[in-house]
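Visitor: One structure, pasted below without further comment.
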Amino acid sequence: QVRLVESGGGLVQPGGSLKLSCEVSEYIFDFNTVGWHRQAPGKERKFVAFIDVNGPTHYADSVKGRFTISRDHAKNTVYLQMNNLKPEDTAVYYCYANITARYYWGQGTQVTVSS
C-alpha cells in the first residue's frame, strides 16, 4: 500500500511563504508523476503542480511564477515551495503519486492565507 504524508501547512499572511513536504513510502521514480492538488472550501479539487519522472514540471496558471515543485529522491519526498501567497491560495493541499491509471493520495494539509 502506497502512503503519502504531507506536512508544512499553516497560517500565513498575504505575501508570505510556506514550503509543503510530501513523504512517499515508495521510491518516487517508480511513479510517472508526483504532484499537488488543492481544494478550497465548497469547491472541487484542482490541479496545482506536478513533476514528471524525467524531470519536467507543470503548473496551474494561477500559481505559475509563485510556486515551485521539487523532489529529493534520496528522501522520497516531494516539495512545494509557495511564495507571494494570496488569500485565494487558501485550501487543503493534497499530494499525489501517479502510475499509469492509478492515483495515490495523501491526507492533506491545510494552508490558510489571511491577515
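Identifiers in the C-alpha cells: chain A, B, ... in order shown; residue index from 1 per chain; ligand index from 1 in order shown.
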Select from stretch 33-101 of chain A everything DSSP, run on the backbone, classes as strand (DSSP E or B), then give the selection as a PDB file with N, CA and C atoms, in the first residue's frame.
Guide:
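The resulting result_26.pdb:
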ATOM      1  N   THR A  33       4.276  10.434 -12.361  1.00  0.00           N
ATOM      2  CA  THR A  33       4.279  11.816 -11.882  1.00  0.00           C
ATOM      3  C   THR A  33       4.006  11.836 -10.381  1.00  0.00           C
ATOM      4  N   VAL A  34       4.489  12.860  -9.726  1.00  0.00           N
ATOM      5  CA  VAL A  34       4.110  13.170  -8.346  1.00  0.00           C
ATOM      6  C   VAL A  34       3.790  14.653  -8.318  1.00  0.00           C
ATOM      7  N   GLY A  35       2.806  15.027  -7.513  1.00  0.00           N
ATOM      8  CA  GLY A  35       2.432  16.426  -7.543  1.00  0.00           C
ATOM      9  C   GLY A  35       1.460  16.811  -6.459  1.00  0.00           C
ATOM     10  N   TRP A  36       0.803  17.932  -6.701  1.00  0.00           N
ATOM     11  CA  TRP A  36      -0.091  18.533  -5.711  1.00  0.00           C
ATOM     12  C   TRP A  36      -1.394  19.002  -6.363  1.00  0.00           C
ATOM     13  N   HIS A  37      -2.475  18.793  -5.632  1.00  0.00           N
ATOM     14  CA  HIS A  37      -3.757  19.397  -5.930  1.00  0.00           C
ATOM     15  C   HIS A  37      -4.189  20.164  -4.681  1.00  0.00           C
ATOM     16  N   ARG A  38      -5.210  20.961  -4.804  1.00  0.00           N
ATOM     17  CA  ARG A  38      -5.758  21.664  -3.647  1.00  0.00           C
ATOM     18  C   ARG A  38      -7.274  21.772  -3.765  1.00  0.00           C
ATOM     19  N   GLN A  39      -7.903  21.899  -2.603  1.00  0.00           N
ATOM     20  CA  GLN A  39      -9.358  22.017  -2.554  1.00  0.00           C
ATOM     21  C   GLN A  39      -9.739  23.108  -1.578  1.00  0.00           C
ATOM     22  N   LYS A  46      -8.555  20.860  -7.342  1.00  0.00           N
ATOM     23  CA  LYS A  46      -7.956  21.333  -8.586  1.00  0.00           C
ATOM     24  C   LYS A  46      -6.455  21.082  -8.604  1.00  0.00           C
ATOM     25  N   PHE A  47      -5.955  20.898  -9.816  1.00  0.00           N
ATOM     26  CA  PHE A  47      -4.531  20.680 -10.033  1.00  0.00           C
ATOM     27  C   PHE A  47      -3.718  21.923  -9.650  1.00  0.00           C
ATOM     28  N   VAL A  48      -2.557  21.703  -9.044  1.00  0.00           N
ATOM     29  CA  VAL A  48      -1.646  22.791  -8.717  1.00  0.00           C
ATOM     30  C   VAL A  48      -0.328  22.649  -9.487  1.00  0.00           C
ATOM     31  N   ALA A  49       0.319  21.493  -9.320  1.00  0.00           N
ATOM     32  CA  ALA A  49       1.622  21.295  -9.968  1.00  0.00           C
ATOM     33  C   ALA A  49       1.978  19.820  -9.946  1.00  0.00           C
ATOM     34  N   PHE A  50       2.799  19.397 -10.914  1.00  0.00           N
ATOM     35  CA  PHE A  50       3.370  18.059 -10.850  1.00  0.00           C
ATOM     36  C   PHE A  50       4.754  18.067 -11.471  1.00  0.00           C
ATOM     37  N   ILE A  51       5.504  17.043 -11.124  1.00  0.00           N
ATOM     38  CA  ILE A  51       6.829  16.838 -11.697  1.00  0.00           C
ATOM     39  C   ILE A  51       6.857  15.452 -12.312  1.00  0.00           C
ATOM     40  N   ASP A  52       7.288  15.406 -13.541  1.00  0.00           N
ATOM     41  CA  ASP A  52       7.351  14.158 -14.292  1.00  0.00           C
ATOM     42  C   ASP A  52       8.571  13.334 -13.849  1.00  0.00           C
ATOM     43  N   THR A  57       8.424  19.958 -15.194  1.00  0.00           N
ATOM     44  CA  THR A  57       7.418  20.374 -14.225  1.00  0.00           C
ATOM     45  C   THR A  57       6.282  21.098 -14.933  1.00  0.00           C
ATOM     46  N   HIS A  58       5.114  21.045 -14.306  1.00  0.00           N
ATOM     47  CA  HIS A  58       3.934  21.684 -14.868  1.00  0.00           C
ATOM     48  C   HIS A  58       3.167  22.358 -13.744  1.00  0.00           C
ATOM     49  N   TYR A  59       2.611  23.545 -14.061  1.00  0.00           N
ATOM     50  CA  TYR A  59       1.915  24.325 -13.045  1.00  0.00           C
ATOM     51  C   TYR A  59       0.570  24.821 -13.561  1.00  0.00           C
ATOM     52  N   PHE A  67       4.866  29.414  -7.241  1.00  0.00           N
ATOM     53  CA  PHE A  67       5.066  28.098  -6.633  1.00  0.00           C
ATOM     54  C   PHE A  67       6.148  27.342  -7.401  1.00  0.00           C
ATOM     55  N   THR A  68       6.908  26.527  -6.675  1.00  0.00           N
ATOM     56  CA  THR A  68       7.928  25.687  -7.288  1.00  0.00           C
ATOM     57  C   THR A  68       7.852  24.283  -6.705  1.00  0.00           C
ATOM     58  N   ILE A  69       7.741  23.300  -7.580  1.00  0.00           N
ATOM     59  CA  ILE A  69       7.733  21.907  -7.142  1.00  0.00           C
ATOM     60  C   ILE A  69       9.131  21.325  -7.337  1.00  0.00           C
ATOM     61  N   SER A  70       9.539  20.505  -6.379  1.00  0.00           N
ATOM     62  CA  SER A  70      10.847  19.864  -6.478  1.00  0.00           C
ATOM     63  C   SER A  70      10.793  18.518  -5.776  1.00  0.00           C
ATOM     64  N   ARG A  71      11.864  17.752  -5.879  1.00  0.00           N
ATOM     65  CA  ARG A  71      11.880  16.431  -5.259  1.00  0.00           C
ATOM     66  C   ARG A  71      13.272  16.106  -4.760  1.00  0.00           C
ATOM     67  N   ASP A  72      13.309  15.242  -3.775  1.00  0.00           N
ATOM     68  CA  ASP A  72      14.562  14.704  -3.245  1.00  0.00           C
ATOM     69  C   ASP A  72      14.414  13.192  -3.283  1.00  0.00           C
ATOM     70  N   THR A  77      10.805  12.328  -1.196  1.00  0.00           N
ATOM     71  CA  THR A  77       9.991  13.446  -0.762  1.00  0.00           C
ATOM     72  C   THR A  77       9.823  14.445  -1.899  1.00  0.00           C
ATOM     73  N   VAL A  78       8.613  14.949  -2.007  1.00  0.00           N
ATOM     74  CA  VAL A  78       8.275  15.987  -2.971  1.00  0.00           C
ATOM     75  C   VAL A  78       7.933  17.252  -2.191  1.00  0.00           C
ATOM     76  N   TYR A  79       8.371  18.390  -2.711  1.00  0.00           N
ATOM     77  CA  TYR A  79       8.159  19.657  -2.031  1.00  0.00           C
ATOM     78  C   TYR A  79       7.348  20.613  -2.901  1.00  0.00           C
ATOM     79  N   LEU A  80       6.678  21.531  -2.235  1.00  0.00           N
ATOM     80  CA  LEU A  80       6.002  22.621  -2.941  1.00  0.00           C
ATOM     81  C   LEU A  80       6.351  23.904  -2.204  1.00  0.00           C
ATOM     82  N   GLN A  81       7.239  24.683  -2.807  1.00  0.00           N
ATOM     83  CA  GLN A  81       7.593  25.985  -2.260  1.00  0.00           C
ATOM     84  C   GLN A  81       6.582  27.009  -2.767  1.00  0.00           C
ATOM     85  N   MET A  82       5.926  27.674  -1.839  1.00  0.00           N
ATOM     86  CA  MET A  82       4.880  28.622  -2.195  1.00  0.00           C
ATOM     87  C   MET A  82       5.278  30.015  -1.727  1.00  0.00           C
ATOM     88  N   ALA A  91      -6.583  26.666   1.060  1.00  0.00           N
ATOM     89  CA  ALA A  91      -7.148  25.380   0.651  1.00  0.00           C
ATOM     90  C   ALA A  91      -6.484  24.270   1.446  1.00  0.00           C
ATOM     91  N   VAL A  92      -7.045  23.082   1.318  1.00  0.00           N
ATOM     92  CA  VAL A  92      -6.347  21.876   1.761  1.00  0.00           C
ATOM     93  C   VAL A  92      -5.506  21.396   0.578  1.00  0.00           C
ATOM     94  N   TYR A  93      -4.234  21.190   0.802  1.00  0.00           N
ATOM     95  CA  TYR A  93      -3.315  20.764  -0.254  1.00  0.00           C
ATOM     96  C   TYR A  93      -3.053  19.267  -0.128  1.00  0.00           C
ATOM     97  N   TYR A  94      -3.260  18.572  -1.243  1.00  0.00           N
ATOM     98  CA  TYR A  94      -3.109  17.123  -1.282  1.00  0.00           C
ATOM     99  C   TYR A  94      -1.950  16.746  -2.208  1.00  0.00           C
ATOM    100  N   CYS A  95      -1.111  15.887  -1.708  1.00  0.00           N
ATOM    101  CA  CYS A  95      -0.039  15.327  -2.507  1.00  0.00           C
ATOM    102  C   CYS A  95      -0.550  14.061  -3.190  1.00  0.00           C
ATOM    103  N   TYR A  96      -0.047  13.784  -4.380  1.00  0.00           N
ATOM    104  CA  TYR A  96      -0.427  12.547  -5.045  1.00  0.00           C
ATOM    105  C   TYR A  96       0.760  11.952  -5.789  1.00  0.00           C
ATOM    106  N   ALA A  97       0.648  10.655  -6.048  1.00  0.00           N
ATOM    107  CA  ALA A  97       1.610   9.941  -6.876  1.00  0.00           C
ATOM    108  C   ALA A  97       0.821   9.130  -7.893  1.00  0.00           C
ATOM    109  N   ASN A  98       1.267   9.168  -9.113  1.00  0.00           N
ATOM    110  CA  ASN A  98       0.528   8.537 -10.204  1.00  0.00           C
ATOM    111  C   ASN A  98       1.392   7.522 -10.958  1.00  0.00           C
ATOM    112  N   ILE A  99       0.824   6.350 -11.201  1.00  0.00           N
ATOM    113  CA  ILE A  99       1.469   5.376 -12.081  1.00  0.00           C
ATOM    114  C   ILE A  99       0.387   4.779 -12.960  1.00  0.00           C
TER     115      ILE A  99
END
Visitor: For stretch 20-29 of chain A, work out the shell of residues within 6 Å, counting only C-alpha atoms and skipping chain neighbours fewer than 2 positions away, then give it as a ChimeraX atom specification.
Guide: /A:2-8,31,53,76-80
Visitor: Could you please take those selected residues and save all heavy atoms as a compact mmCIF listing (two decimals), in the first residue's frame?
Guide:
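Okay, selection.txt is ready:
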# COMPACT_ATOMS: atom_id res chain seq x y z
N VAL A 2 0.68 2.10 -0.98
CA VAL A 2 1.46 3.34 -1.07
C VAL A 2 0.90 4.35 -0.09
O VAL A 2 -0.31 4.57 -0.04
CB VAL A 2 1.42 3.90 -2.50
CG1 VAL A 2 2.21 5.21 -2.59
CG2 VAL A 2 1.98 2.88 -3.50
N ARG A 3 1.77 4.97 0.67
CA ARG A 3 1.34 6.00 1.62
C ARG A 3 2.07 7.31 1.32
O ARG A 3 3.26 7.32 1.01
CB ARG A 3 1.63 5.57 3.05
CG ARG A 3 0.84 4.35 3.49
CD ARG A 3 1.09 4.02 4.94
NE ARG A 3 2.51 3.82 5.22
CZ ARG A 3 3.14 2.67 4.99
NH1 ARG A 3 2.50 1.65 4.48
NH2 ARG A 3 4.42 2.56 5.27
N LEU A 4 1.31 8.40 1.42
CA LEU A 4 1.86 9.73 1.24
C LEU A 4 1.49 10.57 2.46
O LEU A 4 0.31 10.58 2.85
CB LEU A 4 1.32 10.40 -0.02
CG LEU A 4 1.67 9.73 -1.36
CD1 LEU A 4 0.61 8.69 -1.73
CD2 LEU A 4 1.79 10.77 -2.47
N VAL A 5 2.44 11.27 3.03
CA VAL A 5 2.20 12.06 4.22
C VAL A 5 2.68 13.48 3.99
O VAL A 5 3.87 13.72 3.79
CB VAL A 5 2.91 11.46 5.45
CG1 VAL A 5 2.63 12.32 6.67
CG2 VAL A 5 2.45 10.02 5.68
N GLU A 6 1.72 14.42 4.00
CA GLU A 6 2.04 15.83 3.80
C GLU A 6 2.34 16.50 5.13
O GLU A 6 1.83 16.10 6.18
CB GLU A 6 0.88 16.57 3.13
CG GLU A 6 0.45 16.04 1.80
CD GLU A 6 -0.78 15.17 1.88
OE1 GLU A 6 -0.98 14.53 2.95
OE2 GLU A 6 -1.55 15.09 0.90
N SER A 7 3.10 17.56 5.06
CA SER A 7 3.37 18.41 6.22
C SER A 7 3.76 19.79 5.74
O SER A 7 4.02 20.00 4.55
CB SER A 7 4.49 17.81 7.08
OG SER A 7 5.70 17.72 6.35
N GLY A 8 3.76 20.75 6.67
CA GLY A 8 4.21 22.09 6.34
C GLY A 8 3.14 23.13 6.18
O GLY A 8 3.43 24.31 5.98
N PHE A 31 7.03 6.15 -10.00
CA PHE A 31 5.79 6.76 -10.43
C PHE A 31 5.99 7.62 -11.67
O PHE A 31 7.06 8.17 -11.89
CB PHE A 31 5.21 7.62 -9.30
CG PHE A 31 4.92 6.84 -8.07
CD1 PHE A 31 5.84 6.82 -7.03
CD2 PHE A 31 3.74 6.12 -7.94
CE1 PHE A 31 5.59 6.09 -5.89
CE2 PHE A 31 3.49 5.38 -6.79
CZ PHE A 31 4.42 5.37 -5.77
N VAL A 53 8.51 12.03 -14.06
CA VAL A 53 9.61 11.17 -13.66
C VAL A 53 10.92 11.58 -14.35
O VAL A 53 12.01 11.45 -13.77
CB VAL A 53 9.29 9.69 -13.94
CG1 VAL A 53 9.11 9.45 -15.43
CG2 VAL A 53 10.36 8.77 -13.35
N ASN A 76 12.76 10.33 -0.85
CA ASN A 76 11.43 10.01 -1.39
C ASN A 76 10.42 11.08 -1.02
O ASN A 76 9.30 10.79 -0.58
CB ASN A 76 10.96 8.64 -0.91
CG ASN A 76 11.68 7.51 -1.59
OD1 ASN A 76 12.11 7.63 -2.73
ND2 ASN A 76 11.84 6.40 -0.89
N THR A 77 10.80 12.33 -1.20
CA THR A 77 9.99 13.45 -0.76
C THR A 77 9.82 14.44 -1.90
O THR A 77 10.76 14.72 -2.65
CB THR A 77 10.63 14.14 0.46
OG1 THR A 77 10.71 13.19 1.53
CG2 THR A 77 9.80 15.33 0.91
N VAL A 78 8.61 14.95 -2.01
CA VAL A 78 8.27 15.99 -2.97
C VAL A 78 7.93 17.25 -2.19
O VAL A 78 7.27 17.18 -1.15
CB VAL A 78 7.08 15.57 -3.83
CG1 VAL A 78 6.72 16.65 -4.85
CG2 VAL A 78 7.37 14.26 -4.54
N TYR A 79 8.37 18.39 -2.71
CA TYR A 79 8.16 19.66 -2.03
C TYR A 79 7.35 20.61 -2.90
O TYR A 79 7.35 20.53 -4.13
CB TYR A 79 9.50 20.32 -1.71
CG TYR A 79 10.42 19.47 -0.89
CD1 TYR A 79 11.44 18.73 -1.49
CD2 TYR A 79 10.27 19.39 0.49
CE1 TYR A 79 12.29 17.94 -0.74
CE2 TYR A 79 11.12 18.59 1.26
CZ TYR A 79 12.12 17.88 0.64
OH TYR A 79 12.96 17.09 1.39
N LEU A 80 6.68 21.53 -2.24
CA LEU A 80 6.00 22.62 -2.94
C LEU A 80 6.35 23.90 -2.20
O LEU A 80 5.84 24.15 -1.11
CB LEU A 80 4.49 22.42 -2.98
CG LEU A 80 3.73 23.44 -3.83
CD1 LEU A 80 4.07 23.26 -5.32
CD2 LEU A 80 2.22 23.32 -3.63
Visitor: For A:Val63, which of A:Ala101, A:Lys43, A:Pro14, A:Asn84 is the closest residue, counting only C-alpha atoms?
Guide: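 Nearest to A:Val63: A:Asn84.
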Visitor: Rounded to one decimal in Å, what is the spacing between atom CA of A:Leu11 and atom CA of A:Leu85?
Guide: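 Rounded to one decimal, the two atoms are 10.7 Å apart.
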